[in-house]
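See below for my_file.csv, which holds CSV, C-alpha atoms.
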```csv
chain,number,residue,atom,x,y,z
A,1,MET,CA,-2.4,36.6,38.0
A,2,LYS,CA,-4.2,34.9,40.9
A,3,LEU,CA,-3.1,35.7,44.5
A,4,ARG,CA,-4.0,34.2,47.8
A,5,ILE,CA,-3.5,36.5,50.7
A,6,GLN,CA,-3.6,35.6,54.4
A,7,HIS,CA,-3.4,38.4,56.8
A,8,LYS,CA,-3.2,37.9,60.6
A,9,THR,CA,-3.4,40.8,63.1
A,10,ARG,CA,-3.3,40.2,66.8
A,11,TYR,CA,-3.4,42.6,69.7
A,12,THR,CA,-2.8,41.4,73.3
A,13,TYR,CA,-3.4,43.5,76.4
A,14,ASP,CA,-1.8,43.3,79.8
A,15,ASP,CA,-5.2,43.0,81.4
A,16,PHE,CA,-8.9,43.0,80.4
A,17,VAL,CA,-10.0,46.1,78.5
A,18,PHE,CA,-13.2,47.5,77.0
A,19,LEU,CA,-12.8,48.1,73.3
A,20,GLU,CA,-14.4,51.1,71.7
A,21,PRO,CA,-15.8,50.4,68.2
A,22,HIS,CA,-13.0,49.3,65.9
A,23,TYR,CA,-12.8,49.7,62.2
A,24,LEU,CA,-11.3,46.9,60.0
A,25,ASN,CA,-9.8,47.5,56.5
A,26,PHE,CA,-9.1,44.2,54.9
A,27,CYS,CA,-11.4,43.9,51.9
A,28,PRO,CA,-9.6,44.9,48.6
A,29,GLN,CA,-11.0,48.1,47.1
A,30,HIS,CA,-12.5,48.2,43.6
A,31,ARG,CA,-10.0,48.7,40.8
A,32,SER,CA,-10.5,48.1,37.1
A,33,TYR,CA,-7.8,45.4,37.1
A,34,LEU,CA,-8.8,43.6,40.3
A,35,GLN,CA,-11.5,41.0,40.9
A,36,VAL,CA,-12.1,39.6,44.4
A,37,GLU,CA,-12.9,35.9,44.1
A,38,GLU,CA,-13.0,35.1,47.8
A,39,PHE,CA,-13.1,37.1,51.0
A,40,ASP,CA,-13.5,35.8,54.6
A,41,LEU,CA,-13.0,37.7,57.8
A,42,LYS,CA,-12.7,36.0,61.2
A,43,VAL,CA,-12.6,37.9,64.5
A,44,SER,CA,-11.6,36.3,67.8
A,45,PRO,CA,-13.1,36.5,70.4
A,46,LEU,CA,-16.4,36.5,68.6
A,47,PRO,CA,-17.6,40.1,68.5
A,48,ASP,CA,-21.1,41.2,69.5
A,49,GLY,CA,-21.4,43.1,66.2
A,50,LEU,CA,-19.6,43.1,62.9
A,51,PHE,CA,-21.2,45.4,60.4
A,52,PRO,CA,-20.0,46.0,56.8
A,53,LEU,CA,-20.3,49.6,55.8
A,54,LEU,CA,-19.5,51.9,53.0
A,55,ASN,CA,-17.5,54.8,54.5
A,56,ILE,CA,-17.5,58.5,53.5
A,57,GLU,CA,-14.6,57.8,51.0
A,58,ASN,CA,-16.7,55.1,49.3
A,59,ALA,CA,-14.7,52.2,50.6
A,60,LEU,CA,-15.9,48.9,52.2
A,61,GLN,CA,-14.8,48.4,55.8
A,62,TYR,CA,-16.2,46.7,58.9
A,63,GLN,CA,-17.3,48.1,62.2
A,64,CYS,CA,-16.6,45.7,65.0
A,65,TRP,CA,-17.7,46.0,68.7
A,66,PHE,CA,-17.9,44.1,71.9
A,67,ASP,CA,-20.3,44.4,74.9
A,68,ARG,CA,-17.8,42.8,77.3
A,69,THR,CA,-14.1,43.2,78.2
A,70,VAL,CA,-11.4,41.2,76.4
A,71,ASN,CA,-7.7,40.7,76.8
A,72,SER,CA,-6.9,40.0,73.2
A,73,LEU,CA,-8.2,40.8,69.7
A,74,GLU,CA,-7.3,38.7,66.6
A,75,ILE,CA,-8.4,39.3,63.1
A,76,ASN,CA,-7.7,36.8,60.3
A,77,ALA,CA,-8.4,37.8,56.7
A,78,PHE,CA,-8.4,35.2,53.9
A,79,ILE,CA,-8.5,36.7,50.4
A,80,LYS,CA,-8.2,35.4,46.8
A,81,VAL,CA,-7.9,37.9,44.0
A,82,ASN,CA,-7.5,37.8,40.3
A,83,THR,CA,-5.7,40.7,38.6
A,84,THR,CA,-5.3,41.5,34.9
A,85,LYS,CA,-2.6,43.4,33.1
A,86,PHE,CA,-2.9,47.1,33.8
A,87,ASN,CA,-1.2,50.0,32.0
A,88,PRO,CA,-0.8,52.8,34.6
A,89,PHE,CA,0.1,55.3,31.8
A,90,GLY,CA,-3.0,54.7,29.6
A,91,PHE,CA,-4.7,58.1,30.3
A,92,PHE,CA,-4.5,61.7,29.3
A,93,ILE,CA,-5.1,65.0,31.2
A,94,ASP,CA,-8.5,66.6,30.6
A,95,MET,CA,-8.1,70.4,30.6
A,96,ASP,CA,-11.8,71.0,31.2
A,97,ILE,CA,-11.9,68.9,34.4
A,98,LEU,CA,-8.6,70.5,35.4
A,99,ARG,CA,-10.4,73.8,35.9
A,100,MET,CA,-12.0,72.6,39.1
A,101,ASN,CA,-11.9,74.8,42.1
A,102,SER,CA,-9.8,73.8,45.1
A,103,HIS,CA,-12.8,73.5,47.4
A,104,GLU,CA,-14.0,70.6,45.3
A,105,HIS,CA,-11.0,68.5,46.3
A,106,PHE,CA,-12.6,67.5,49.7
A,107,GLY,CA,-9.6,67.8,51.9
A,108,TYR,CA,-7.1,66.1,49.6
A,109,LEU,CA,-5.1,69.4,49.4
A,110,ASP,CA,-5.0,69.9,53.2
A,111,ILE,CA,-1.6,70.3,55.0
A,112,GLU,CA,-2.1,70.4,58.7
A,113,HIS,CA,1.4,71.5,59.7
A,114,PRO,CA,3.8,73.9,58.0
A,115,ILE,CA,6.4,72.2,56.0
A,116,SER,CA,10.1,72.8,56.4
A,117,SER,CA,12.1,75.4,54.4
A,118,GLU,CA,14.1,72.4,53.1
A,119,ILE,CA,11.0,70.9,51.5
A,120,GLU,CA,10.0,74.3,50.1
A,121,ASP,CA,13.4,74.7,48.5
A,122,ALA,CA,13.2,71.3,46.9
A,123,LEU,CA,9.8,72.0,45.4
A,124,LEU,CA,10.7,75.5,44.2
A,125,PRO,CA,11.5,74.3,40.6
A,126,PHE,CA,8.0,72.8,40.3
A,127,LEU,CA,6.0,75.9,41.3
A,128,SER,CA,6.0,77.3,37.8
A,129,VAL,CA,5.1,74.0,36.0
A,130,PRO,CA,1.8,74.5,34.1
A,131,PRO,CA,-1.1,72.5,35.6
A,132,ASN,CA,-1.6,70.5,32.5
A,133,GLU,CA,1.9,69.1,32.9
A,134,LEU,CA,1.4,67.8,36.4
A,135,LEU,CA,2.9,64.4,35.5
A,136,THR,CA,6.3,66.1,35.3
A,137,PRO,CA,6.5,67.1,39.0
A,138,VAL,CA,4.9,63.9,40.1
A,139,ASN,CA,7.4,61.7,38.3
A,140,LYS,CA,10.4,63.9,39.3
A,141,ILE,CA,9.4,63.9,43.0
A,142,LEU,CA,8.7,60.1,42.8
A,143,GLN,CA,12.3,59.5,41.5
A,144,LEU,CA,13.8,62.1,43.8
A,145,ILE,CA,12.5,60.2,46.9
A,146,ASN,CA,13.3,56.8,45.5
A,147,GLN,CA,16.9,57.7,44.6
A,148,ASN,CA,17.8,59.8,47.6
A,149,TRP,CA,15.9,58.3,50.6
A,150,SER,CA,16.7,54.9,51.9
A,151,TYR,CA,13.9,52.5,52.7
A,152,SER,CA,13.8,51.1,56.2
A,153,ALA,CA,11.1,48.6,57.3
A,154,ARG,CA,9.3,49.6,60.5
A,155,TYR,CA,6.3,47.7,61.7
A,156,THR,CA,4.9,50.1,64.2
A,157,GLU,CA,1.7,52.1,63.2
A,158,ASP,CA,3.2,55.6,63.7
A,159,ILE,CA,4.2,57.8,60.8
A,160,HIS,CA,7.1,60.3,60.9
A,161,GLU,CA,6.4,63.9,60.2
A,162,PRO,CA,7.3,64.8,56.5
A,163,SER,CA,9.9,67.4,57.6
A,164,ASP,CA,11.6,64.8,59.9
A,165,CYS,CA,11.6,62.2,57.1
A,166,PHE,CA,13.0,64.7,54.7
A,167,GLN,CA,15.8,65.6,57.0
A,168,LYS,CA,16.7,62.0,57.9
A,169,LYS,CA,16.7,60.9,54.3
A,170,SER,CA,15.2,57.5,55.3
A,171,GLY,CA,11.8,56.1,56.2
A,172,SER,CA,9.4,53.3,56.0
A,173,CYS,CA,6.9,53.0,53.1
A,174,ARG,CA,4.4,54.9,55.3
A,175,ASP,CA,6.8,57.7,56.0
A,176,LEU,CA,7.9,58.1,52.4
A,177,SER,CA,4.4,58.0,51.1
A,178,TRP,CA,3.1,60.6,53.6
A,179,MET,CA,6.1,62.9,52.8
A,180,MET,CA,5.3,62.6,49.1
A,181,ILE,CA,1.6,63.4,49.7
A,182,ILE,CA,2.4,66.6,51.5
A,183,MET,CA,4.9,67.6,48.7
A,184,LEU,CA,2.2,67.0,46.1
A,185,ARG,CA,-0.4,68.9,48.1
A,186,TYR,CA,2.0,71.8,48.5
A,187,LEU,CA,2.0,72.0,44.6
A,188,LYS,CA,-1.8,71.9,44.6
A,189,ILE,CA,-2.0,68.3,43.4
A,190,PRO,CA,-4.7,66.4,45.3
A,191,ALA,CA,-3.2,63.3,46.9
A,192,ARG,CA,-4.3,60.5,49.3
A,193,PHE,CA,-2.7,57.7,51.3
A,194,VAL,CA,-3.2,54.1,50.3
A,195,GLY,CA,-2.6,50.9,52.4
A,196,GLY,CA,-2.7,47.4,51.0
A,197,TYR,CA,-0.6,44.5,49.7
A,198,ALA,CA,2.2,44.6,47.3
A,199,PHE,CA,3.3,41.6,45.2
A,200,ASN,CA,6.2,43.5,43.6
A,201,PRO,CA,9.6,42.1,42.8
A,202,GLU,CA,11.0,45.7,42.9
A,203,LEU,CA,10.5,45.8,46.6
A,204,GLY,CA,13.4,44.6,48.7
A,205,GLU,CA,11.2,43.2,51.4
A,206,GLY,CA,9.2,41.2,48.9
A,207,HIS,CA,5.5,40.4,49.6
A,208,GLU,CA,4.1,42.5,52.5
A,209,LEU,CA,1.7,44.9,53.9
A,210,HIS,CA,2.6,48.1,52.1
A,211,ALA,CA,1.7,51.8,51.7
A,212,TRP,CA,1.8,54.0,48.6
A,213,VAL,CA,0.3,57.2,47.2
A,214,GLU,CA,-2.6,58.1,44.8
A,215,PHE,CA,-2.8,61.5,43.1
A,216,LEU,CA,-5.8,62.9,41.3
A,217,ALA,CA,-5.2,63.3,37.6
A,218,PRO,CA,-8.0,65.4,36.1
A,219,GLY,CA,-10.0,63.2,33.6
A,220,ALA,CA,-8.2,60.0,34.7
A,221,GLY,CA,-9.1,59.8,38.4
A,222,TRP,CA,-6.8,58.5,41.1
A,223,ILE,CA,-3.4,57.3,39.8
A,224,GLY,CA,-1.0,55.3,42.1
A,225,VAL,CA,2.7,55.8,42.6
A,226,ASP,CA,5.0,54.0,45.0
A,227,PRO,CA,7.9,56.2,46.3
A,228,SER,CA,9.5,53.1,48.0
A,229,ALA,CA,10.0,51.5,44.6
A,230,GLY,CA,10.0,54.6,42.3
A,231,VAL,CA,7.2,53.2,40.1
A,232,PHE,CA,3.6,53.9,39.0
A,233,THR,CA,1.5,51.2,40.5
A,234,ASN,CA,0.0,48.4,38.4
A,235,GLU,CA,-1.9,45.1,38.9
A,236,THR,CA,0.6,43.9,41.5
A,237,TYR,CA,-0.8,46.4,44.1
A,238,ILE,CA,-3.9,45.4,46.0
A,239,PRO,CA,-5.4,48.4,47.9
A,240,ILE,CA,-7.5,47.7,51.0
A,241,ALA,CA,-7.9,51.4,52.1
A,242,ALA,CA,-7.4,54.8,50.7
A,243,SER,CA,-7.9,58.1,52.6
A,244,LYS,CA,-6.8,61.7,53.0
A,245,ASP,CA,-5.9,60.7,56.6
A,246,PRO,CA,-3.2,57.9,56.9
A,247,LYS,CA,-4.7,56.8,60.2
A,248,LYS,CA,-7.9,55.7,58.5
A,249,THR,CA,-6.0,53.3,56.2
A,250,LEU,CA,-4.6,51.1,59.0
A,251,PRO,CA,-5.9,47.5,58.8
A,252,VAL,CA,-7.3,48.0,62.3
A,253,TYR,CA,-8.0,51.3,64.1
A,254,GLY,CA,-9.9,52.1,67.3
A,255,SER,CA,-9.2,52.7,71.0
A,256,TYR,CA,-9.8,50.9,74.3
A,257,ARG,CA,-10.6,52.0,77.8
A,258,GLY,CA,-7.8,51.2,80.3
A,259,SER,CA,-4.3,52.2,81.2
A,260,VAL,CA,-2.7,48.9,80.3
A,261,SER,CA,-0.2,48.4,77.5
A,262,SER,CA,-0.9,46.6,74.3
A,263,ARG,CA,1.2,44.6,71.8
A,264,LEU,CA,0.7,44.2,68.1
A,265,GLU,CA,1.7,41.2,66.0
A,266,ALA,CA,1.0,41.1,62.2
A,267,GLU,CA,1.8,38.6,59.5
A,268,VAL,CA,1.0,38.7,55.8
A,269,LYS,CA,1.5,35.8,53.4
A,270,ILE,CA,0.9,36.2,49.6
A,271,ILE,CA,1.1,33.2,47.3
A,272,GLU,CA,0.8,33.3,43.6
A,273,LEU,CA,-1.5,30.5,42.4
```
Serialized structure, C-alpha cells:
Amino acid sequence: MKLRIQHKTRYTYDDFVFLEPHYLNFCPQHRSYLQVEEFDLKVSPLPDGLFPLLNIENALQYQCWFDRTVNSLEINAFIKVNTTKFNPFGFFIDMDILRMNSHEHFGYLDIEHPISSEIEDALLPFLSVPPNELLTPVNKILQLINQNWSYSARYTEDIHEPSDCFQKKSGSCRDLSWMMIIMLRYLKIPARFVGGYAFNPELGEGHELHAWVEFLAPGAGWIGVDPSAGVFTNETYIPIAASKDPKKTLPVYGSYRGSVSSRLEAEVKIIEL
C-alpha cells in the first residue's frame, strides 16, 4: 500500500514572540513493514536553524530555532510511504527475556499520579495473571476500553487524566491511549504513547492524526494496540513519535516568550496511491 501524507500545522500569535527551541516530529519511525520513499519538511518563516537529531528514545526528530521574533509558525510535511502486509500476532513470548528486572524498563513503568480506586477495582482480576500470559490482560483491557468508552474527537493538545477519562467513559484517542498505558503500567507491563497517522477504515473519523499504545512484549519488542478501534495495529498505522511521555509525541512542542495568546490550526490529508 502506498500512501501520500500532507500534514500542515500552523501557530499564530497575537503579537511578535520569541520562540524557544521547538522540536518537530513528522518523519515516520522505522518499522519492519514501513518504507519512507519521500520526506520533505518546510518551515515558515525560514528558521535560523533546523537540525535533524536522534533523540534519547532513538527516534528521528528536528530541532528548530529562530534568532528573531515571529508572529506565526507554519510547518508543512510531505511524506510518501510504502507499507507491506504485517501480522501483528506473529510473535511469541520469550520467558528468558521476561525475567528482566523492572529497573531495566527505563521509565516505561512509571505512574506519576495515584490512580483512582475505580481503575484499581477494574484491574483487580488481572493482578493474578502469570507474566507469560500478558496478552490476556492486554487484549481484555483493549476490548474493555473500546466497548465501554465512547470516542470523541478533540483537537486540542491536552490529555485528560486517566482517572477523569475512566469516570467520564469517553475521551479522544489521546485520552483513551494514555488511560490504557497507565492501566498496563499498573499491571507491570511496560507501555509507551505513540502519535502518528492512521489509515484505518475501523476509525469513525477516517484518515487523521492519531494516537495509540505500544506495550513491551518480551522477546517480541514493542507491539501496538489502538483502544479507539479495539485492534492490534498493523501496516495501516504510521508512527511519527513514540515516548513514555505523551507530550514528547506531539508533532510540534516547545515554548515561547511572551504573554500573548496563540492559536493552533492543523490539517492532515492521506491519499492512497
Figure out the distance between atom CA of A:Ile159 and atom CA of A:Ser228, please, to one decimal in Å. 14.6 Å
Out of A:Thr156, A:Ser44, A:Asn87, A:Gln143, which residue has the shortest atom-to-atom distance to A:Leu264 when counting all atoms listed in the file?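 Residue with the minimum atom-to-atom distance to A:Leu264: A:Thr156.
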Residues near A:Phe66, cut-off 8 Å, only C-alpha atoms, skip fewer than 5 positions along chain, as a PyMOL selection string: chain A and resi 18-21+47-49
Grab the atom CA of A:Cys173 to atom CA of A:Ala211 distance for me, in Å with one decimal place.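 Between atom CA of A:Cys173 and atom CA of A:Ala211 the gap is 5.5 Å.
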Pick out the closest residue to A:Thr12 from this set: A:His113, A:Trp149, A:Leu184, A:Asn71. Count all atoms listed in the file.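 Of all the options, A:Asn71 lies closest to A:Thr12.
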Using all atoms listed in the file, pick whichever of A:Pro190, A:Pro45, A:Pro251, A:Pro88 has the shortest atom-to-atom distance to A:Thr69.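 For A:Thr69, the nearest of the candidates is A:Pro45.
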